[in-house]
Amino acid sequence: MKTKYLIRLDDACPYMDGDKWQRMEDILDKYGVKPLVGIIPANADPKTMIEPEDPEFWEKAHRWVDKGWEMALHGFDHVCVTNNGGINPVHRRSEFAGLTYEEQARKIGNGYEVLKGHGIEPSYFFAPSHTFDEVTIKAIKDHTPLRKISDLIATKPYKRDEFTIVPCQMGKLREMPISGYWCACYHPNIMKDEEFVALEGFLKEHQQDFLSFEELPEAGCRSFNDKLLSFAYYTLRRIKG
């Protein structure tokens with residue numbers, strides 16, 4: 001297995017920073033990189049409401065789909081209401097983890113219908129702040145056809161019951177000494193100029209090492225080494241607080 005890279009973009013919505021998202025799109029198109037884009041269906045989070053509502057947002061989303069970009073259901077309103085890290089405790093806040101099944105099912109079902117209502121068929125789910133729990137997975141299963149989740153820690157996609165888990169391990173691209181499929185999660189709304197420059201520099205140097213999400217290999221069982229990696233990662237985060 002070689003070292004391959006993927007890019008995930010968080011917090012697309014009608015209130016996003018249009019200039020920064022366009023800059024990201026131009027850079028990715030230049031190097032032929034096709035990301036996974038998380039769309040917030042009914043954004044109510046002031047931190048991700050950067051500009052007045054863009055009436056052309058959904059047309060942009062369809063343009064991304066036409067270019068081969070993958071779409072994801074990124075929560076519902078992006079408002080964290082608990083201090084629960086769930087099964088991916090990279091943060092101590094969540095829109096989902098710790099809520100009842102009924103509350104989570106309502107958010108996930110309504111969010112999926114919002115995207116469908118705009119003609120967008122997402123293929124993935126990922127939660128705001130990366131945090132969700134077993135109840136979230138059940139709600140996704142019961143109220144959507146989605147069976148792919150972007151998050152958790154491993155070196156390659158793996159099966160978790162009926163779901164395919166595509167790990168998302170880092171907040172920015174960097175050379176990885178371990179072979180695997182490494183996904184970097186970017187938030188264009190809050191990126192600084194130097195971050196765009198660094199991203200383009202990495203793409204220029206490693207263009208041949210990028211995959212689209214459609215090109216990922218079929219998921220198998222999670223390996224023992226990946227279980228150790230996950231344990232070490234969460235243990236280190238707990239120690240750091």
# chains A, B, ... in the order shown; residues from 1 in each chain; ligands from 1

$ closest_atom_pairs --of "segment 129-183 of chain A" --to "segment 76-93 of chain A" --cutoff "9 Å" --atoms "only C-alpha atoms" --output "Markdown table"
| residue | atom | partner | partner_atom | distance |
| --- | --- | --- | --- | --- |
| A:Ser129 | CA | A:His91 | CA | 6.4 |
| A:His130 | CA | A:Asn88 | CA | 6.7 |
| A:Thr131 | CA | A:Gly85 | CA | 5.4 |
| A:Phe132 | CA | A:Gly86 | CA | 5.1 |
| A:Asp133 | CA | A:Gly86 | CA | 4.5 |
| A:Glu134 | CA | A:Ile87 | CA | 7.3 |
| A:Asp151 | CA | A:Asn88 | CA | 7.7 |
| A:Leu152 | CA | A:Asn88 | CA | 5.9 |
| A:Ile153 | CA | A:Asn88 | CA | 8.4 |

$ write_last_selection --atoms "all heavy atoms" --output "mmCIF file, in the first residue's frame"
data_model
loop_
_atom_site.group_PDB
_atom_site.id
_atom_site.type_symbol
_atom_site.label_atom_id
_atom_site.label_comp_id
_atom_site.auth_asym_id
_atom_site.auth_seq_id
_atom_site.Cartn_x
_atom_site.Cartn_y
_atom_site.Cartn_z
ATOM 1 N N SER A 129 -17.598 19.216 14.255
ATOM 2 C CA SER A 129 -16.603 18.934 15.303
ATOM 3 C C SER A 129 -16.166 17.476 15.329
ATOM 4 O O SER A 129 -15.538 17.033 16.290
ATOM 5 C CB SER A 129 -17.109 19.340 16.695
ATOM 6 O OG SER A 129 -17.293 20.736 16.759
ATOM 7 N N HIS A 130 -16.518 16.712 14.283
ATOM 8 C CA HIS A 130 -16.104 15.311 14.133
ATOM 9 C C HIS A 130 -16.754 14.388 15.162
ATOM 10 O O HIS A 130 -16.397 13.210 15.235
ATOM 11 C CB HIS A 130 -14.580 15.161 14.244
ATOM 12 C CG HIS A 130 -13.800 16.029 13.313
ATOM 13 N ND1 HIS A 130 -13.455 15.647 12.034
ATOM 14 C CD2 HIS A 130 -13.302 17.291 13.465
ATOM 15 C CE1 HIS A 130 -12.772 16.625 11.443
ATOM 16 N NE2 HIS A 130 -12.680 17.623 12.289
ATOM 17 N N THR A 131 -17.701 14.873 15.952
ATOM 18 C CA THR A 131 -18.187 14.101 17.104
ATOM 19 C C THR A 131 -19.589 13.551 16.880
ATOM 20 O O THR A 131 -20.517 14.265 16.533
ATOM 21 C CB THR A 131 -18.170 14.969 18.370
ATOM 22 O OG1 THR A 131 -18.772 16.248 18.085
ATOM 23 C CG2 THR A 131 -16.740 15.201 18.842
ATOM 24 N N PHE A 132 -19.715 12.256 17.143
ATOM 25 C CA PHE A 132 -20.987 11.549 16.999
ATOM 26 C C PHE A 132 -20.908 10.289 17.851
ATOM 27 O O PHE A 132 -19.844 9.958 18.399
ATOM 28 C CB PHE A 132 -21.265 11.209 15.532
ATOM 29 C CG PHE A 132 -20.212 10.341 14.881
ATOM 30 C CD1 PHE A 132 -20.424 8.984 14.709
ATOM 31 C CD2 PHE A 132 -19.012 10.879 14.443
ATOM 32 C CE1 PHE A 132 -19.460 8.176 14.116
ATOM 33 C CE2 PHE A 132 -18.036 10.084 13.848
ATOM 34 C CZ PHE A 132 -18.267 8.727 13.691
ATOM 35 N N ASP A 133 -22.014 9.602 17.978
ATOM 36 C CA ASP A 133 -22.011 8.390 18.808
ATOM 37 C C ASP A 133 -22.762 7.258 18.110
ATOM 38 O O ASP A 133 -23.143 7.385 16.940
ATOM 39 C CB ASP A 133 -22.568 8.676 20.206
ATOM 40 C CG ASP A 133 -24.004 9.213 20.189
ATOM 41 O OD1 ASP A 133 -24.688 9.077 19.151
ATOM 42 O OD2 ASP A 133 -24.451 9.767 21.213
ATOM 43 N N GLU A 134 -22.943 6.154 18.829
ATOM 44 C CA GLU A 134 -23.615 4.995 18.240
ATOM 45 C C GLU A 134 -25.062 5.318 17.864
ATOM 46 O O GLU A 134 -25.601 4.775 16.889
ATOM 47 C CB GLU A 134 -23.579 3.817 19.215
ATOM 48 C CG GLU A 134 -22.192 3.301 19.555
ATOM 49 C CD GLU A 134 -21.542 2.535 18.412
ATOM 50 O OE1 GLU A 134 -22.190 2.361 17.369
ATOM 51 O OE2 GLU A 134 -20.385 2.115 18.574
ATOM 52 N N ASP A 151 -14.569 10.046 9.043
ATOM 53 C CA ASP A 151 -14.014 10.373 10.364
ATOM 54 C C ASP A 151 -13.441 9.114 10.984
ATOM 55 O O ASP A 151 -13.414 8.064 10.343
ATOM 56 C CB ASP A 151 -15.042 11.026 11.294
ATOM 57 C CG ASP A 151 -14.855 12.554 11.345
ATOM 58 O OD1 ASP A 151 -13.693 13.013 11.388
ATOM 59 O OD2 ASP A 151 -15.860 13.275 11.285
ATOM 60 N N LEU A 152 -13.013 9.228 12.221
ATOM 61 C CA LEU A 152 -12.333 8.189 12.984
ATOM 62 C C LEU A 152 -10.897 8.003 12.477
ATOM 63 O O LEU A 152 -10.483 8.621 11.488
ATOM 64 C CB LEU A 152 -13.127 6.883 12.972
ATOM 65 C CG LEU A 152 -14.524 6.988 13.610
ATOM 66 C CD1 LEU A 152 -15.308 5.687 13.388
ATOM 67 C CD2 LEU A 152 -14.426 7.278 15.097
ATOM 68 N N ILE A 153 -10.150 7.172 13.171
ATOM 69 C CA ILE A 153 -8.709 7.069 12.943
ATOM 70 C C ILE A 153 -8.324 5.672 12.459
ATOM 71 O O ILE A 153 -8.659 4.664 13.081
ATOM 72 C CB ILE A 153 -7.933 7.386 14.246
ATOM 73 C CG1 ILE A 153 -8.275 8.791 14.739
ATOM 74 C CG2 ILE A 153 -6.425 7.249 14.012
ATOM 75 C CD1 ILE A 153 -7.931 9.909 13.775
#

$ residues_around --residues "Gly38 of chain A" --least-positions-apart "2" --cutoff "7 Å" --atoms "only C-alpha atoms" --output "ChimeraX atom specification"
/A:9-12,36,40,71-74

$ atom_distance --atom1 "atom CA of Met16 of chain A" --atom2 "atom CA of Ser123 of chain A"
21.4 Å

$ closest_residue --among "A:Arg160, A:Gly111, A:Asp54, A:Glu200" --to "Glu25 of chain A" --atoms "only C-alpha atoms"
A:Glu200

$ closest_atom_pairs --of "segment 82-151 of chain A" --to "segment 59-70 of chain A" --cutoff "9 Å" --atoms "only C-alpha atoms" --output "Markdown table"
| residue | atom | partner | partner_atom | distance |
| --- | --- | --- | --- | --- |
| A:Gly119 | CA | A:His62 | CA | 8.0 |
| A:Ile120 | CA | A:His62 | CA | 7.1 |
| A:Pro122 | CA | A:Glu70 | CA | 7.3 |
| A:Ser123 | CA | A:Glu70 | CA | 6.9 |
| A:Tyr124 | CA | A:Glu70 | CA | 8.0 |

$ atom_distance --atom1 "atom CA of Tyr181 of chain A" --atom2 "atom CA of Leu228 of chain A"
16.6 Å

$ residues_around --residues "Lys204 of chain A" --least-positions-apart "5" --cutoff "10 Å" --atoms "only C-alpha atoms" --output "PyMOL selection string"
chain A and resi 27+30-31+198-199

$ closest_atom_pairs --of "segment 85-167 of chain A" --to "segment 182-185 of chain A" --cutoff "8 Å" --atoms "only C-alpha atoms" --output "CSV"
residue,atom,partner,partner_atom,distance
A:Thr155,CA,A:Trp182,CA,6.8
A:Lys156,CA,A:Trp182,CA,7.7
A:Pro167,CA,A:Cys183,CA,6.8

$ write_last_selection --atoms "N, CA, C and O atoms" --output "compact mmCIF listing (two decimals), in the first residue's frame"
# COMPACT_ATOMS: atom_id res chain seq x y z
N THR A 155 -5.54 3.87 8.98
CA THR A 155 -4.70 4.21 7.82
C THR A 155 -5.41 3.93 6.51
O THR A 155 -4.90 4.30 5.44
N LYS A 156 -6.57 3.30 6.56
CA LYS A 156 -7.29 2.98 5.33
C LYS A 156 -8.77 2.77 5.67
O LYS A 156 -9.13 2.53 6.83
N PRO A 167 -11.36 7.15 7.15
CA PRO A 167 -10.75 7.96 8.20
C PRO A 167 -10.42 9.38 7.74
O PRO A 167 -10.14 9.62 6.56

$ select_by_dssp --residues "segment 17-183 of chain A" --states "strand (DSSP E or B)" --output "VMD selection string"
chain A and resid 36 to 39 70 to 73 82 86 94 124 to 125 132 148 to 150 158 to 160 163 to 166 170 180 to 183
